[in-house]
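Report on the structure given below.
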Amino acid sequence: MVPTKRARGVRPGSGLLSQFHCESIIYSFTLPAGTFNQRAFSRRTGLKVGDRWNTGIYPTDPSAGYHVHFKGNLGKDEVNVTVEYWDGSFTTREEGMPSAESIMDWIGTLVREPSSRAHVLASFEKPLKYWRSLFNLPFKVTMGGQEVTIDGVTLELPKNLSRAYHALVATSDKTLDASVNFSRTVEFATFKINEEIPTLSEAVKMFAEETVAS
C-alpha cells in the first residue's frame, strides 16, 4: 500500500498546513468491531484481524503540499484507526490507492455510521515575528536556590466551539509551539481538511495572539 511516484516542484512549507504554521493534525478513532466492515477492508488491503498497518497516503494534486500517515490495527472487539496529516508532499497517489484528499471518505465507506468521534492533536509552530503568547513566556523562577527558566506550560481550556480541551504551549528562539487536543465529530463523506484546519488553528487564539498578519 505504499506509493512511490515522485512529484515535482513541491516542498515542505508550500501547502495547506504551512499556511497556518501547522506541522501535523492527527485524528484517532476507536471503532467497535461490529461497526467496521473488516471483511471489505481485508479484501482491499490484504490485512486480517490481529494485523497492524502503517502506510503513506499521498495527494492526487501535489500542490496540496501535505501527505497522510494511515495507521491502525484490527482487533476482535475494536478497530483503531489513525489518520495523520503532515506538512510536505513528495509523491503523488498511485493508481488504485486512496488519496490524501479522500482518505476520510474512503474510511467512511467501511464504517456503518456516517460519523464518528475522534481525538485530535494539532501541532503548530507559530513564528514569533507574527505571534506571541497571551502570558509571559519564557519566565524565570527560583528553585532549590537556583534560577530556572520555564519556557512552556500545559493548559486546561474552557468550553469552546472548536471543542479544544487541552494545550501544551512553549517557546523557542523563533517560534511559539502549541500542541492542542480536541474532541471532534468527523463526518466521513463530507470531511475536508482544508475546511477543518482554520477552526483548529483558531483555537490557538485562546492563549496566543497574532501581532502581524502572516
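The way I read the labels, and the way they are meant: chains A, B, ... in the order of the C-alpha cells, residue 1 as the first residue of every chain, and ligand 1 as the first ligand shown, with later ones counted on from there.
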Please tabulate, as a Markdown table, the residues of segment 141-212 of chain A that come within 12 Å of segment 93-116 of chain A, each with its closest pair of atoms and the distance in Å to one decimal, counting only C-alpha atoms and ordering rows by chain, then residue number upward.
| residue | atom | partner | partner_atom | distance |
| --- | --- | --- | --- | --- |
| A:Ser183 | CA | A:Ser116 | CA | 10.6 |
| A:Arg184 | CA | A:Ser116 | CA | 8.4 |
| A:Thr185 | CA | A:Ser116 | CA | 5.6 |
| A:Val186 | CA | A:Ser115 | CA | 5.4 |
| A:Glu187 | CA | A:Ser115 | CA | 4.4 |
| A:Phe188 | CA | A:Asp105 | CA | 4.9 |
| A:Ala189 | CA | A:Asp105 | CA | 4.6 |
| A:Thr190 | CA | A:Asp105 | CA | 7.1 |
| A:Phe191 | CA | A:Met104 | CA | 6.5 |
| A:Lys192 | CA | A:Glu101 | CA | 7.3 |
| A:Ile193 | CA | A:Glu101 | CA | 7.7 |
| A:Asn194 | CA | A:Glu101 | CA | 9.3 |
| A:Glu195 | CA | A:Glu101 | CA | 11.8 |
Discussion item. Give me, as a ChimeraX atom specification, all polymer residues having an atom no more than 10 Å from Ser133 of chain A, counting only C-alpha atoms and skipping those fewer than 2 positions away in the same chain.
Written reply: /A:128,131,135-138,169-171,176-177,204-210
Worksheet item: Which of chain A counts as strand (DSSP E) under DSSP, as a VMD selection string please?
Response: chain A and resid 5 to 6 22 to 32 52 to 57 66 to 74 78 to 87 91 to 92 115 to 127 131 to 133 139 to 143 146 to 150 152 to 156 164 to 171 175 to 187 208 to 210
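Of the residues under consideration (A:Ile57, A:Tyr85, A:Leu161, A:Arg43), A:Tyr85 shows the shortest atom-to-atom contact distance to Ile197 of chain A when counting only C-alpha atoms.
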Item to complete: Could you find all residues in segment 69-169 of chain A that DSSP calls alpha helix (DSSP H) from the backbone, and write them as a list in words?
Response: Ile103, Met104, Asp105, Trp106, Ile107 and Gly108 of chain A
Just-selected residues, C-alpha atoms written as a CSV table (one decimal), in the first residue's frame:
chain,number,residue,atom,x,y,z
A,103,ILE,CA,-8.9,9.1,2.8
A,104,MET,CA,-11.6,10.1,5.3
A,105,ASP,CA,-14.3,9.4,2.8
A,106,TRP,CA,-12.6,6.1,1.9
A,107,ILE,CA,-12.6,5.1,5.6
A,108,GLY,CA,-16.3,6.1,5.8
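Shortest atom-to-atom contact with Ser28 of chain A among A:Gly50, A:Asp77, A:Arg117, A:Tyr58: A:Arg117, counting only C-alpha atoms.
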Fill in: Selection near Arg163 of chain A, 10 Å with only C-alpha atoms, sequence-local residues under 2 positions removed, as number ranges by chain
A: 120, 157-161, 165-166, 181-185, 199-200, 203
Could you please take those selected residues and save all heavy atoms as a tab-separated table (two decimals), in the first residue's frame?
chain	number	residue	atom	x	y	z
A	120	VAL	N	-8.30	14.44	18.48
A	120	VAL	CA	-7.49	15.16	17.51
A	120	VAL	C	-6.34	15.87	18.22
A	120	VAL	O	-6.55	16.51	19.26
A	120	VAL	CB	-8.34	16.19	16.73
A	120	VAL	CG1	-7.50	16.89	15.66
A	120	VAL	CG2	-9.56	15.51	16.10
A	157	LEU	N	-8.35	23.98	28.86
A	157	LEU	CA	-9.05	25.05	28.17
A	157	LEU	C	-10.53	25.08	28.53
A	157	LEU	O	-11.15	24.03	28.78
A	157	LEU	CB	-8.90	24.88	26.66
A	157	LEU	CG	-7.45	24.86	26.16
A	157	LEU	CD1	-7.40	24.56	24.67
A	157	LEU	CD2	-6.75	26.20	26.45
A	158	PRO	N	-11.13	26.28	28.55
A	158	PRO	CA	-12.57	26.38	28.81
A	158	PRO	C	-13.37	25.86	27.62
A	158	PRO	O	-12.83	25.66	26.53
A	158	PRO	CB	-12.77	27.89	28.99
A	158	PRO	CG	-11.68	28.51	28.17
A	158	PRO	CD	-10.50	27.58	28.31
A	159	LYS	N	-14.67	25.66	27.82
A	159	LYS	CA	-15.52	25.20	26.72
A	159	LYS	C	-15.44	26.19	25.56
A	159	LYS	O	-15.42	27.40	25.76
A	159	LYS	CB	-16.96	25.06	27.20
A	159	LYS	CG	-17.18	23.88	28.14
A	159	LYS	CD	-18.65	23.73	28.49
A	159	LYS	CE	-18.87	22.52	29.40
A	159	LYS	NZ	-20.29	22.34	29.75
A	160	ASN	N	-15.41	25.65	24.35
A	160	ASN	CA	-15.27	26.49	23.16
A	160	ASN	C	-15.86	25.78	21.96
A	160	ASN	O	-16.07	24.56	21.98
A	160	ASN	CB	-13.79	26.84	22.93
A	160	ASN	CG	-12.92	25.59	22.83
A	160	ASN	OD1	-12.80	25.00	21.76
A	160	ASN	ND2	-12.33	25.18	23.96
A	161	LEU	N	-16.11	26.53	20.89
A	161	LEU	CA	-16.77	25.99	19.71
A	161	LEU	C	-15.93	24.96	18.97
A	161	LEU	O	-16.47	24.07	18.30
A	161	LEU	CB	-17.15	27.13	18.76
A	161	LEU	CG	-18.22	28.10	19.28
A	161	LEU	CD1	-18.46	29.22	18.27
A	161	LEU	CD2	-19.53	27.36	19.56
A	165	TYR	N	-9.72	21.04	24.32
A	165	TYR	CA	-9.83	20.88	25.76
A	165	TYR	C	-8.49	20.94	26.49
A	165	TYR	O	-8.45	21.10	27.71
A	165	TYR	CB	-10.56	19.58	26.12
A	165	TYR	CG	-9.88	18.31	25.66
A	165	TYR	CD1	-8.93	17.67	26.45
A	165	TYR	CD2	-10.20	17.74	24.43
A	165	TYR	CE1	-8.32	16.51	26.03
A	165	TYR	CE2	-9.59	16.57	24.01
A	165	TYR	CZ	-8.66	15.95	24.81
A	165	TYR	OH	-8.04	14.80	24.39
A	166	HIS	N	-7.39	20.86	25.78
A	166	HIS	CA	-6.08	20.86	26.44
A	166	HIS	C	-5.03	21.37	25.46
A	166	HIS	O	-5.13	21.17	24.25
A	166	HIS	CB	-5.71	19.45	26.90
A	166	HIS	CG	-4.48	19.38	27.75
A	166	HIS	ND1	-3.22	19.18	27.22
A	166	HIS	CD2	-4.30	19.50	29.09
A	166	HIS	CE1	-2.33	19.17	28.19
A	166	HIS	NE2	-2.95	19.35	29.34
A	181	ASN	N	-5.21	19.60	21.94
A	181	ASN	CA	-6.08	18.42	21.89
A	181	ASN	C	-7.53	18.83	21.70
A	181	ASN	O	-8.00	19.77	22.35
A	181	ASN	CB	-5.95	17.60	23.17
A	181	ASN	CG	-4.58	17.01	23.35
A	181	ASN	OD1	-3.73	17.59	24.01
A	181	ASN	ND2	-4.35	15.84	22.78
A	182	PHE	N	-8.23	18.09	20.85
A	182	PHE	CA	-9.63	18.35	20.56
A	182	PHE	C	-10.41	17.04	20.66
A	182	PHE	O	-9.86	15.96	20.46
A	182	PHE	CB	-9.83	18.88	19.13
A	182	PHE	CG	-9.08	20.13	18.79
A	182	PHE	CD1	-7.73	20.08	18.45
A	182	PHE	CD2	-9.72	21.36	18.79
A	182	PHE	CE1	-7.04	21.23	18.11
A	182	PHE	CE2	-9.04	22.51	18.45
A	182	PHE	CZ	-7.69	22.44	18.11
A	183	SER	N	-11.71	17.15	20.89
A	183	SER	CA	-12.63	16.04	20.74
A	183	SER	C	-13.67	16.47	19.70
A	183	SER	O	-14.50	17.34	19.97
A	183	SER	CB	-13.31	15.71	22.07
A	183	SER	OG	-14.24	14.66	21.91
A	184	ARG	N	-13.59	15.87	18.51
A	184	ARG	CA	-14.41	16.36	17.40
A	184	ARG	C	-15.15	15.22	16.72
A	184	ARG	O	-14.68	14.07	16.71
A	184	ARG	CB	-13.55	17.10	16.38
A	184	ARG	CG	-12.94	18.38	16.95
A	184	ARG	CD	-12.12	19.14	15.95
A	184	ARG	NE	-12.86	19.62	14.81
A	184	ARG	CZ	-13.65	20.71	14.81
A	184	ARG	NH1	-13.80	21.40	15.94
A	184	ARG	NH2	-14.27	21.10	13.72
A	185	THR	N	-16.31	15.54	16.15
A	185	THR	CA	-17.07	14.59	15.36
A	185	THR	C	-16.68	14.72	13.90
A	185	THR	O	-16.71	15.83	13.35
A	185	THR	CB	-18.58	14.82	15.54
A	185	THR	OG1	-18.92	14.63	16.91
A	185	THR	CG2	-19.37	13.86	14.67
A	199	THR	N	-10.50	26.13	11.77
A	199	THR	CA	-11.12	26.03	13.09
A	199	THR	C	-10.11	25.57	14.13
A	199	THR	O	-10.06	26.10	15.25
A	199	THR	CB	-12.30	25.06	13.06
A	199	THR	OG1	-13.29	25.54	12.14
A	199	THR	CG2	-12.95	24.91	14.43
A	200	LEU	N	-9.28	24.60	13.77
A	200	LEU	CA	-8.27	24.11	14.71
A	200	LEU	C	-7.25	25.19	15.01
A	200	LEU	O	-6.84	25.37	16.17
A	200	LEU	CB	-7.58	22.87	14.12
A	200	LEU	CG	-8.48	21.70	13.73
A	200	LEU	CD1	-7.63	20.54	13.23
A	200	LEU	CD2	-9.36	21.26	14.89
A	203	ALA	N	-8.25	27.93	17.55
A	203	ALA	CA	-8.19	27.59	18.97
A	203	ALA	C	-6.93	28.14	19.63
A	203	ALA	O	-6.91	28.38	20.84
A	203	ALA	CB	-8.27	26.07	19.15
